[in-house]
Amino acid sequence: MENINIPENGFYIHYKHNPADEDKFNYVYEVVGIGRNTEEKTYTVLYRPMYKNDWMPPANYQSRPLGMFMENVTIDGKTVPRFTRIADADTISELEAIRAEMYYKN
């Protein structure tokens with residue numbers, strides 16, 4: 001097996017997230033797994049937004065190349081991760097409730 005750095009499943013904030021936005025979970029995503037392109041042998045991160053949008057259907061997940069997901073970006077002269085894992089238990093509980101409403105509601 002290859003020795004690659006992969007994100008754990010869980011909730012992540014994209015660097016474009018602005019906590020002052022009306023939707024406090026805009027640019028917040030749930031990583032649900034890693035995929036592999038069978039032809040190119042490349043890896044992608046599978047994730048889904050934790051905010052309402054009209055651009056995702058009919059897809060169930062978004063994907064981004066693994067290297068791009070894990071890379072740092074420079075914004076206004078400051079280097080930050082493209083995605084940062086959310087570790088706060090209260091925020092995770094809120095996101096789990098949103099996930100249930102958005103993705104598991106019948």
# chains A, B, ... in the order shown; residues from 1 in each chain; ligands from 1
$ residues_around --residues "Val45 of chain A" --least-positions-apart "4" --cutoff "8 Å" --atoms "only C-alpha atoms" --output "PyMOL selection string"
chain A and resi 31-35+63-66+69
$ closest_atom_pairs --of "segment 3-29 of chain A" --to "segment 76-96 of chain A" --cutoff "12 Å" --atoms "only C-alpha atoms" --output "Markdown table"
| residue | atom | partner | partner_atom | distance |
| --- | --- | --- | --- | --- |
| A:Pro7 | CA | A:Arg85 | CA | 8.4 |
| A:Glu8 | CA | A:Arg85 | CA | 8.5 |
| A:Asn9 | CA | A:Arg85 | CA | 9.2 |
| A:Gly10 | CA | A:Arg85 | CA | 7.2 |
| A:Phe11 | CA | A:Ile86 | CA | 5.6 |
| A:Tyr12 | CA | A:Arg85 | CA | 4.3 |
| A:Ile13 | CA | A:Thr84 | CA | 5.2 |
| A:His14 | CA | A:Phe83 | CA | 4.5 |
| A:Tyr15 | CA | A:Arg82 | CA | 5.2 |
| A:Lys16 | CA | A:Arg82 | CA | 8.4 |
| A:His17 | CA | A:Phe83 | CA | 9.7 |
| A:Lys24 | CA | A:Thr91 | CA | 10.7 |
| A:Phe25 | CA | A:Leu95 | CA | 8.4 |
| A:Asn26 | CA | A:Leu95 | CA | 11.6 |
| A:Tyr27 | CA | A:Phe83 | CA | 9.6 |
| A:Val28 | CA | A:Leu95 | CA | 9.0 |
| A:Tyr29 | CA | A:Phe83 | CA | 9.1 |
$ atom_distance --atom1 "atom CA of Tyr61 of chain A" --atom2 "atom CA of Ala97 of chain A"
18.4 Å
$ select_by_dssp --residues "chain A" --states "alpha helix (DSSP H)" --output "PyMOL selection string"
chain A and resi 66-70+89-103
$ write_last_selection --atoms "C-alpha atoms" --output "compact mmCIF listing (two decimals), in the first residue's frame"
# COMPACT_ATOMS: atom_id res chain seq x y z
CA LEU A 66 -6.22 14.57 -2.91
CA GLY A 67 -3.16 16.77 -3.37
CA MET A 68 -5.30 19.84 -3.89
CA PHE A 69 -7.47 19.04 -0.85
CA MET A 70 -4.41 18.67 1.39
CA ALA A 89 -17.38 19.01 19.92
CA ASP A 90 -20.27 21.51 20.02
CA THR A 91 -19.75 22.50 16.39
CA ILE A 92 -19.54 18.83 15.37
CA SER A 93 -22.84 18.15 17.17
CA GLU A 94 -24.48 21.01 15.27
CA LEU A 95 -23.11 19.71 11.98
CA GLU A 96 -24.29 16.17 12.72
CA ALA A 97 -27.82 17.54 13.19
CA ILE A 98 -27.55 19.48 9.92
CA ARG A 99 -26.26 16.36 8.16
CA ALA A 100 -29.23 14.33 9.42
CA GLU A 101 -31.64 16.97 8.16
CA MET A 102 -29.95 17.45 4.78
CA TYR A 103 -28.92 13.92 3.88
$ select_by_dssp --residues "chain A" --states "strand (DSSP E)" --output "PyMOL selection string"
chain A and resi 10-14+28-36+43-49+62-65+72-75+78-81+83-85
